[in-house]
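**Q** The following block contains the structure, expressed as structure tokens.
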Amino acid sequence: MATFVKGVVFEGVEFENPDSWRLEEYVKRGGYAALQKIVNEKMTQDAVIAEMKTSALRGRGGAGFPTGLKWSFMPRSFPGQKYLVCNTDEGEPGTFKDLDIIKYNPHALIEGMIIGGFTMGATVGYNYIHGEVFEAYLRFEEALEEARKAGFLGKNILGGGFDFELHAHHGYGAYICGEETALLESLEGKKGQPRFKPPFPASFGLYGKPTTINNTETYASVPYIVRNGGQKFLELGKPNNGGTKLFSISGHVNRPGNYEVPLGMPFSELLELAGGMRNGKKLKAVIPGGSSAPVLPAEIMMNTTMDFDAIAKAGSMLGSGAVIVMDEDTCMVKALERLSYFYFEESCGQCTPCREGTGWLYRVIHRIEHGQGRPEDLDLLLSVGGNIAGRTICALGDAAVMPVQGMLKHFRGEFEYHIENKRCIAPGY
Amino acid sequence: MLEVEIDGNKLTVPGGSTVMDAATSVGVYIPHFCYHKKLSIAANCRMCLVQVEKAPKPLPACATPVTDGMKVWTHSDAAVKAQKGVMEFLLINHPLDCPICDQGGECQLQDLAVGYGQSGSRYEEEKRSVTNKNLGPLISTDMTRCIHCSRCVRFTEEIAGFQELGMPGRGEHTEVMTFIGKTVNSEISGNVIDLCPVGALTSKPFRFSARTWELSRRKSVGAHDGLGSNLIVQVKDHKVKRVLPLENESINECWLSDRDRFSYEALGSNERLQKPLIKQGGAWQEVDWTVALEYVANGLKSVIEEHGADSVAALASPSSTLEELFLLKKLTGALGIKNTAANLRQQDAAFATAGVQWLGQSIVELADNDAVLVVGSTLRKEQPLLAQRLRQSVKHGMKLSVVNPHNDDLLTKVHGNVVTRPDQLVEGALEVLVSVAEQKGVAVPAHIDASGITVSEQAKLIATTLVASEKVGVLLGSLAAEGTRAGELHAVVAAIAELAGAKLGILNSGANSVGAQLIGFNTLADAFAQPKKAYVVLGAEVDFDTASAPKALAAVEQADMVVVLSPFQSCAYDYADVILPVSPFSETSGTFINLESRPQSFNGVVRPLGETRPAWKVFRVLGNLLGLQGFEFASSEEVRDEALAAGIEGKLNNAPAKAVNVKAVAASGLARLAEVPLYQIDALTRRAPSLQATVDAQDAATLRANAATLAQLGLVAGDKAKVVQGGEAELVVAQDDALLNEVVRIAAAHPLTRHLDAAAALQVVKA
């Protein structure tokens with residue numbers, strides 16, 4: 001269930017209607033018109049990329065990399081097989097937006113991927129779906145079957161002279177498989193652990209072939225851009241931050257859920273949309289972009305807008321758009337303990353700093369939370385974190401460290417209180 | 001070429017070089033664990049992080065490609081800070097109990113911790129402990145010490161060819177382990193011990209028997225196959241404690257086969273002889289050397305006087321040193337004895353070459369071929385490291401094809417594969433020859449009658465590749481050379497090589513088969529077919545190292561006098577009259593000439609055990625006792641120089657001595673594939689307990705056949721089967737679907753099968 005203020009990904013979706021996800025309904029609300037437009041108007045690959053660049057669509061998986069630019073990296077003239085991969089391995093705590101896309105509007109994703117396949121000359125695509133949302137995986141398979149039957153997938157699509165086949169693949173719930181190269185390894189049937197880059201997937205991806213990987217929400221935004229033009233999408237948001245964004249709001253609000261809003265909306269408005277703070281409590285802090293984003297205190301959040309650039313300026317990341325709201329009763333030590341346990345548990349174990357360091361971080365925080373902290377622990381945490389960040393094969397190391405750094409930057413006093421008094425400063429704990 | 005600056009040194013490196021390559025080329029050492037020049041790059045230990053100009057983060061030197069104009073600092077403050085940070089992480093969960101670790105003193109982690117570790121630890125939480133794994137009889141584990149560098153995992157996958165080790169688990173629960181219930185069974189598995197930078201994987205036979213700093217390191221040469229792997233033999237108190245590879249890129253690279261690595265256990269076997277023995281009145285008496293040698297000299301003299309020199313034969317193991325063989329030949333020559341043989345497993349008189357049989361090219365050249373065809377070989381067992389090298393060549397595009405009486409997995413991509421019955425190997429090779437001739441538009445040589453041969457698709461594929469490739473090698477394996485139709489096979493394979501413009505190589509067994517032939521030892525022991533009055537046997541065990549043990553045993557048993565020179569007790573007690581304890585390769589200086597005709601001399605690494613003496617000295621003294629001229633050698637080097645005075649190169653020739661007539665025949669009925677097992681190749685390996693405990697050694701003790709053949713014989717896996725072939729044997733049955741119908745695989749040269757005669761009629765029934 002999601003709510004949208006302006007719909008791109010969820011344009012026209014009737015969440016109350018159990019069949020709204022089906023092909024028939026999707027076509028009724030203008031679905032597959034973008035694909036038809038490419039065929040009818042004989043749009044070139046370059047023209048699609050130009051629209052993507054104009055749209056200022058930035059990757060919705062967390063890194064915010066400009067999609068048009070990414071698509072232009074793909075060596076389209078490479079004669080062999082090329083692949084398109086969708087990353088629906090949504091595993092970041094706080095993030096649950098892609099799940100809803102697959103459940104409520106799977107054909108937007110399928111259409112987006114077909115357009116991607118056409119644009120980059122990839123004839124085979126895979127959608128890697130998180131293993132812990134199996135029902136969504138089953139629905140996506142059903143949607144794929146509909147698309148195949150209707151001729152949107154397969155040979156010579158809509159008579160446009162290009163082929164594209166799309167397969168769904170479900171993982172088994174490892175967070176690391178959301179890292180794009182670990183995802184490729186897993187898709188190849190190997191243990192999901194990240195590859196060292198370079199080479200990047202655009203030159204050496206799935207089965208060693210040029211591959212483009214995008215997030216579910218990114219692909220699901222593509223039909224809108226092709227149908228209405230990149231400019232229209234850009235204007236929905238703000239410069240360099242085009243379009244709408246799905247925010248997964250969780251925590252101490254009255255109406256947690258997914259909200260599709262234009263990028264650049266003030267946080268205060270977004271909080272209102274989610275029904276405001278639960279039980280009339282005061283806002284304490286927000287993790288604005290999924291569990292790996294540094295936490296920001298209320299006063300900073302209430303003065304910022306929800307877009308890539310503004311959140312970065314405020315000292316955090318928009319990430320995947322998972323907004324974790326914490327009220328005044330929240331114990332930041334306990335919150336960090338939980339976050340650190342996640343990264344400790346999900347480290348793939350491949351490279352030393354992350355394998356050894358995430359466990360160290362967790363154990364020290366666990367000690368502090370359980371009244372066995374020592375004054376020197378806080379500097380130790382920062383020092384150990386500093387030895388992890390930037391020293392690992394993939395970004396999981398950084399992701400494990402940023403929450404620690406964020407918490408100690410804004411709430412160091414609470415940690416000191418915990419160490420000294422062996423209990424929490426927050427009244428609820 | 002790219003310009004790069006490493007710690008202020010400007011240099012140019014070829015495109016595609018990594019920072020690690022560039023640093024190594026100017027002698028700058030960057031600390032590392034997971035990086036190994038022969039393995040793929042994993043970049044997972046992060047120890048080699050270095051500072052690179054304009055890079056916001058430290059980068060791993062092993063995986064960072066050099067770009068033009070790059071500036072790298074490997075020991076700047078930023079680089080060292082990153083390296084120290086990694087070292088701290090590596091140590092937090094690593095046991096800090098080096099004094100009780102078998103790797104202590106030769107541990108990369110310990111060494112680097114001196115430079116990059118702290119004197120105390122900031123980690124005060126609980127340490128990880130990991131359960132040990134059973135990797136088999138050769139590799140011991142201490143998995144808590146593992147630092148997850150994945151070298152062992154990559155070795156099994158990339159070098160040994162089959163990923164026997166993996167890393168299941170996530171995060172700090174990641175563990176190196178085998179597939180459930182399996183052990184590491186590769187024939188080159190011991191290399192993971194060398195690769196492991198810590199004490200997680202250590203040598204099971206060596207474990208806790210010495211500290212590295214107590215050991216002297218002495219060079220030697222591998223004594224079990226013709227590759228001539230270079231060894232470092234580690235010695236304490238005049239005992240060999242351990243054998244490690246000595247790097248030689250053109251021979252064994254940095255690897256060693258398990259056979260060469262672990263056979264040293266036999267050197268300390270309690271079957272070692274320590275005093276000369278003479279049989280008197282049916283009982284063995286220990287005597288001193290003077291008595292024993294006078295007995296031998298007088299005995300030989302009287303046999304020759306009574307029955308003539310032709311009634312004496314001298315037989316030697318092809319793993320004897322050049323010096324031993326040369327003096328034995330000189331001695332027998334002076335006495336008029338003509339019948340001398342090594343490579344006693346060859347049995348087809350028609351197999352004769354124009355010169356000394358060898359690889360036909362160097363090992364490096366062989367690996368550089370565009371296409372190689374191997375005919376009749378259990379390559380991974382006959383030449384474990386050669387199989388490894390060809391595996392790497394295949395990765396670089398070589399097309400490796402085989403014609404074999406089995407479908408054993410070479411653990412690499414095989415291009416063309418013809419599988420035949422053991423008695424139809426000639427016909428399999430003929431298919432290739434016919435197709436090569438057809439494609440070349442020439443006739444098959446007149447002495448070869450290929451009528452009735454139908455060329456299979458696989459044979460055609462092989463032929464096409466051989467004809468189309470520029471650099472081509474064709475190898476005749478030991479299995480083929482030691483078979484009953486070796487002469488015909490040689491003729492066919494030589495014809496293939498000639499028509500395809502390929503170099504022909506012959507893979508004889510033994511460490512010095514090239515040397516033995518060079519000295520003038522025949523490769524054929526017809527001495528057993530026409531029994532002699534006296535035998536001198538050097539190093540070989542006639543009940544194992546001959547084509548037909550029953551025939552050989554019958555021959556030596558009827559002889560008036562048998563002189564055995566061996567390091568070991570054996571069934572020579574039953575038939576010999578004199579047993580002289582002579583040095584194994586570790587206790588004598590000597591020379592092996594490897595398959596590529598490279599002579600490699602070595603010194604004894606320990607002094608001879610008890611009253612054991614190097615065989616070359618024994619023959620030298622015997623020469624004096626017999627009053628022969630030219631036995632005044634003061635050192636083995638003098639012997640070698642005389643032995644090699646005529647040179648080697650001019651004598652090498654794999655071409656058939658004369659045209660052997662070949663005729664394709666049909667075959668049916670039960671056929672035996674009788675190969676020499678990996679760990680029965682010679683007297684030493686036979687007595688190495690750890691090698692005998694391997695899966696390979698256990699497999700060799702079984703009768704193997706495919707499902708259909710087993711059904712036909714009324715057997716199922718696990719049954720006991722009675723084999724009648726000349727003699728009898730009782731073997732446990734196992735299923736092996738890599739064999740054709742009606743083929744039973746029964747090892748030769750095995751304690752359980754030595755009473756069988758491979759040439760006799762074969763019958764297999766349920767026991």
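Quick note on naming: the chains in the structure tokens go A, B, ... in the order shown, residues restart at 1 in each chain, and ligands are numbered from 1 in order of appearance.
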If you run DSSP on the backbone, which residues of range 96-245 of chain B are strand (DSSP E or B), as number ranges by chain?
**A** B: 139-141, 165-166, 177-178, 201-203, 216-221, 230-236, 239-245
**Q** Sorted by chain and rising residue number, which residues of chain A lie within 6 Å of chain B, and what are their closest atom pairs and distances in Å to one decimal, counting only C-alpha atoms, as a Markdown table?
**A**
```
| residue | atom | partner | partner_atom | distance |
| --- | --- | --- | --- | --- |
| A:Ser347 | CA | B:Gly171 | CA | 4.5 |
| A:Cys348 | CA | B:Gly171 | CA | 4.6 |
| A:Gly349 | CA | B:Gly171 | CA | 3.5 |
| A:Gln350 | CA | B:Asn44 | CA | 5.9 |
| A:Cys351 | CA | B:Asn44 | CA | 4.2 |
| A:Thr352 | CA | B:Cys45 | CA | 5.3 |
| A:Arg355 | CA | B:Gly171 | CA | 5.1 |
| A:Glu356 | CA | B:Phe89 | CA | 5.6 |
| A:Asn387 | CA | B:Gly85 | CA | 5.4 |
| A:Gly390 | CA | B:Lys57 | CA | 5.8 |
```
**Q** Can you pull out the residues contacting Leu644 in chain B? Cut-off 9 Å, using only C-alpha atoms, and skip same-chain residues under 4 positions away; I want them as a list in words.
**A** Leu518, Ile519, Val639, Arg640 and Ile648 of chain B
**Q** Got a sec: who's within 9 Å of Thr412 in chain B, counting only C-alpha atoms, leaving out chain neighbours fewer than 2 positions off, as an MDAnalysis selection string?
**A** chainID B and resid 161:162 390:392 394:395 400 409:410 414
**Q** Would you output that residue set with N, CA, C and O atoms, as an mmCIF file, in the first residue's frame?
**A**
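As written to disk, out-v3.cif reads:
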```cif
data_model
loop_
_atom_site.group_PDB
_atom_site.id
_atom_site.type_symbol
_atom_site.label_atom_id
_atom_site.label_comp_id
_atom_site.auth_asym_id
_atom_site.auth_seq_id
_atom_site.Cartn_x
_atom_site.Cartn_y
_atom_site.Cartn_z
ATOM 1 N N GLY B 161 42.526 -27.609 -10.532
ATOM 2 C CA GLY B 161 41.490 -27.834 -11.526
ATOM 3 C C GLY B 161 40.119 -28.200 -10.990
ATOM 4 O O GLY B 161 39.171 -28.318 -11.752
ATOM 5 N N PHE B 162 39.993 -28.408 -9.695
ATOM 6 C CA PHE B 162 38.678 -28.755 -9.153
ATOM 7 C C PHE B 162 38.538 -28.132 -7.779
ATOM 8 O O PHE B 162 39.396 -28.331 -6.920
ATOM 9 N N LEU B 390 49.758 -28.188 -18.400
ATOM 10 C CA LEU B 390 48.913 -28.198 -19.593
ATOM 11 C C LEU B 390 47.543 -27.589 -19.279
ATOM 12 O O LEU B 390 46.924 -26.945 -20.120
ATOM 13 N N ARG B 391 47.089 -27.792 -18.026
ATOM 14 C CA ARG B 391 45.814 -27.196 -17.603
ATOM 15 C C ARG B 391 45.887 -25.668 -17.723
ATOM 16 O O ARG B 391 44.954 -25.025 -18.193
ATOM 17 N N GLN B 392 47.011 -25.099 -17.326
ATOM 18 C CA GLN B 392 47.166 -23.642 -17.441
ATOM 19 C C GLN B 392 47.245 -23.240 -18.914
ATOM 20 O O GLN B 392 46.715 -22.207 -19.317
ATOM 21 N N VAL B 394 45.786 -24.693 -21.383
ATOM 22 C CA VAL B 394 44.436 -24.738 -21.950
ATOM 23 C C VAL B 394 43.708 -23.419 -21.677
ATOM 24 O O VAL B 394 42.992 -22.892 -22.523
ATOM 25 N N LYS B 395 43.948 -22.864 -20.470
ATOM 26 C CA LYS B 395 43.319 -21.573 -20.144
ATOM 27 C C LYS B 395 43.784 -20.491 -21.105
ATOM 28 O O LYS B 395 43.078 -19.523 -21.345
ATOM 29 N N LEU B 400 43.838 -29.199 -25.974
ATOM 30 C CA LEU B 400 44.387 -30.446 -25.438
ATOM 31 C C LEU B 400 43.428 -31.584 -25.756
ATOM 32 O O LEU B 400 42.259 -31.547 -25.391
ATOM 33 N N ASP B 409 39.041 -37.666 -15.682
ATOM 34 C CA ASP B 409 38.888 -36.229 -15.822
ATOM 35 C C ASP B 409 40.250 -35.549 -15.677
ATOM 36 O O ASP B 409 40.911 -35.685 -14.647
ATOM 37 N N LEU B 410 40.663 -34.838 -16.716
ATOM 38 C CA LEU B 410 41.923 -34.094 -16.620
ATOM 39 C C LEU B 410 41.722 -32.773 -15.882
ATOM 40 O O LEU B 410 42.655 -32.001 -15.708
ATOM 41 N N VAL B 414 38.885 -30.483 -22.222
ATOM 42 C CA VAL B 414 39.504 -31.369 -23.197
ATOM 43 C C VAL B 414 38.839 -31.121 -24.542
ATOM 44 O O VAL B 414 37.619 -31.127 -24.656
#
```
**Q** At a cut-off of 10 Å, using only C-alpha atoms, what residues contact range 300-303 of chain B? Leave out same-chain residues fewer than 4 positions from it and give the result as a list in words.
**A**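 Once the nearby chain positions are removed, what remains is Glu294, Tyr295, Val296, His307, Gly308, Ala309, Asp310, Ser311, Val312, Thr332, Leu335, Lys533, Ala534, Tyr535, Val536, Asp560, Met561, Val562, Val563 and Leu626 of chain B.
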**Q** Now that the selection is made, can you save its residues with N, CA, C and O atoms as a short mmCIF file (atom, residue, chain, number, x, y, z; two decimals), in the first residue's frame?
**A**
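In the end it all went to again00.cif:
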```cif
data_model
loop_
_atom_site.label_atom_id
_atom_site.label_comp_id
_atom_site.auth_asym_id
_atom_site.auth_seq_id
_atom_site.Cartn_x
_atom_site.Cartn_y
_atom_site.Cartn_z
N GLU B 294 82.97 -59.26 -1.89
CA GLU B 294 83.79 -60.38 -2.39
C GLU B 294 82.89 -61.54 -2.81
O GLU B 294 83.12 -62.18 -3.83
N TYR B 295 81.86 -61.73 -2.05
CA TYR B 295 80.89 -62.79 -2.38
C TYR B 295 80.26 -62.51 -3.75
O TYR B 295 80.16 -63.39 -4.59
N VAL B 296 79.87 -61.26 -3.95
CA VAL B 296 79.24 -60.89 -5.23
C VAL B 296 80.24 -61.05 -6.37
O VAL B 296 79.93 -61.65 -7.42
N HIS B 307 78.70 -70.48 -17.13
CA HIS B 307 77.59 -70.42 -18.11
C HIS B 307 77.76 -69.33 -19.17
O HIS B 307 76.92 -69.18 -20.04
N GLY B 308 78.78 -68.54 -19.05
CA GLY B 308 78.98 -67.46 -20.03
C GLY B 308 78.30 -66.18 -19.58
O GLY B 308 77.38 -66.19 -18.76
N ALA B 309 78.76 -65.06 -20.14
CA ALA B 309 78.26 -63.74 -19.73
C ALA B 309 76.80 -63.54 -20.09
O ALA B 309 76.08 -62.77 -19.44
N ASP B 310 76.34 -64.25 -21.11
CA ASP B 310 74.94 -64.08 -21.51
C ASP B 310 73.97 -64.68 -20.50
O ASP B 310 72.76 -64.47 -20.59
N SER B 311 74.50 -65.41 -19.56
CA SER B 311 73.61 -66.01 -18.56
C SER B 311 73.39 -65.06 -17.37
O SER B 311 72.78 -65.43 -16.38
N VAL B 312 73.91 -63.82 -17.50
CA VAL B 312 73.73 -62.84 -16.43
C VAL B 312 72.96 -61.64 -16.98
O VAL B 312 73.18 -61.23 -18.12
N THR B 332 79.21 -54.28 -16.03
CA THR B 332 78.67 -55.42 -16.79
C THR B 332 79.33 -55.49 -18.16
O THR B 332 79.63 -56.59 -18.65
N LEU B 335 82.54 -57.18 -18.00
CA LEU B 335 82.39 -58.62 -17.77
C LEU B 335 81.76 -59.32 -18.97
O LEU B 335 81.54 -60.53 -18.95
N LYS B 533 70.94 -67.26 -15.31
CA LYS B 533 71.53 -67.94 -14.15
C LYS B 533 71.78 -66.97 -13.00
O LYS B 533 71.79 -67.36 -11.83
N ALA B 534 72.04 -65.71 -13.38
CA ALA B 534 72.31 -64.74 -12.33
C ALA B 534 71.69 -63.39 -12.69
O ALA B 534 71.60 -63.03 -13.87
N TYR B 535 71.23 -62.68 -11.65
CA TYR B 535 70.65 -61.35 -11.85
C TYR B 535 71.28 -60.36 -10.89
O TYR B 535 71.54 -60.69 -9.73
N VAL B 536 71.53 -59.16 -11.39
CA VAL B 536 71.90 -58.05 -10.51
C VAL B 536 70.74 -57.05 -10.62
O VAL B 536 70.40 -56.61 -11.72
N ASP B 560 70.62 -69.04 -10.09
CA ASP B 560 71.60 -69.53 -9.12
C ASP B 560 72.02 -68.42 -8.17
O ASP B 560 72.33 -68.66 -7.02
N MET B 561 72.08 -67.22 -8.74
CA MET B 561 72.55 -66.13 -7.91
C MET B 561 71.80 -64.84 -8.24
O MET B 561 71.70 -64.45 -9.39
N VAL B 562 71.24 -64.21 -7.20
CA VAL B 562 70.56 -62.93 -7.40
C VAL B 562 71.15 -61.93 -6.42
O VAL B 562 71.16 -62.16 -5.21
N VAL B 563 71.67 -60.83 -6.96
CA VAL B 563 72.23 -59.75 -6.14
C VAL B 563 71.24 -58.58 -6.19
O VAL B 563 70.92 -58.09 -7.27
N LEU B 626 86.92 -56.80 -8.93
CA LEU B 626 86.93 -57.70 -10.09
C LEU B 626 88.17 -57.44 -10.95
O LEU B 626 88.34 -58.06 -11.99
#
```
**Q** List the spatial neighbours of Thr54 in chain A as a list in words - criterion: any atom at most 9 Å away, only C-alpha atoms, same-chain residues fewer than 4 positions off excluded.
**A**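 Using only C-alpha atoms, the neighbours found are Ile49, Ala50, Gly68, Gly229, Gly230, Gln231, Phe233, Leu234 and Gly242 of chain A.
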**Q** Could those residues be written to a file, using N, CA and C atoms, as a compact mmCIF listing (two decimals), in the first residue's frame?
**A**
```txt
# COMPACT_ATOMS: atom_id res chain seq x y z
N ILE A 49 18.38 7.78 -24.69
CA ILE A 49 19.40 8.18 -23.72
C ILE A 49 19.36 9.69 -23.50
N ALA A 50 19.12 10.43 -24.57
CA ALA A 50 19.04 11.90 -24.45
C ALA A 50 17.90 12.29 -23.51
N GLY A 68 20.92 8.30 -17.06
CA GLY A 68 21.22 8.53 -18.48
C GLY A 68 22.70 8.32 -18.76
N GLY A 229 8.46 12.71 -22.00
CA GLY A 229 9.67 13.49 -22.24
C GLY A 229 10.42 13.73 -20.95
N GLY A 230 11.73 13.81 -21.05
CA GLY A 230 12.59 13.98 -19.89
C GLY A 230 12.32 15.29 -19.16
N GLN A 231 11.99 16.32 -19.94
CA GLN A 231 11.80 17.65 -19.36
C GLN A 231 10.65 17.64 -18.35
N PHE A 233 9.54 15.16 -16.65
CA PHE A 233 9.95 14.43 -15.45
C PHE A 233 10.81 15.32 -14.56
N LEU A 234 11.77 15.99 -15.22
CA LEU A 234 12.67 16.87 -14.48
C LEU A 234 11.87 17.91 -13.71
N GLY A 242 15.67 15.18 -10.69
CA GLY A 242 14.42 15.11 -11.43
C GLY A 242 13.44 14.11 -10.86
```
**Q** Just to confirm, what's the straight-line distance from CA of Val26 in chain B to CA of Thr12 in chain B in Å (one decimal)?
**A** 10.3 Å
**Q** Which is closer to Lys440 in chain B than all the others in B:Gly501, B:Gly15, B:Gly630, B:Gly228, using only C-alpha atoms?
**A**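 Between B:Gly501, B:Gly15, B:Gly630, B:Gly228, the residue approaching Lys440 in chain B most closely is B:Gly501.
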**Q** Quick one: everything within 6 Å of Ala200 in chain B, counting only C-alpha atoms, minus sequence neighbours fewer than 4 positions away in the same chain. Send it as a PyMOL selection string.
**A** chain B and resi 141-143+145-146
**Q** Quick check, in Å to one decimal: how far apart do CA of Leu135 in chain B and CA of Arg242 in chain B lie?
**A**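 One can read the CA of Leu135 in chain B to CA of Arg242 in chain B distance as 19.0 Å.
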**Q** Ranking A:Trp21, A:Tyr83, A:Phe415, A:Phe134 by minimum distance to Gly208 in chain A and counting only C-alpha atoms, which one comes first?
**A**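 Answer, going by the shortest atom-to-atom distance: A:Tyr83.
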**Q** So how far away is CA of Pro245 in chain B from CA of Asp641 in chain B, in Å?
**A**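 Between CA of Asp641 in chain B and CA of Pro245 in chain B the gap is 27.0 Å.
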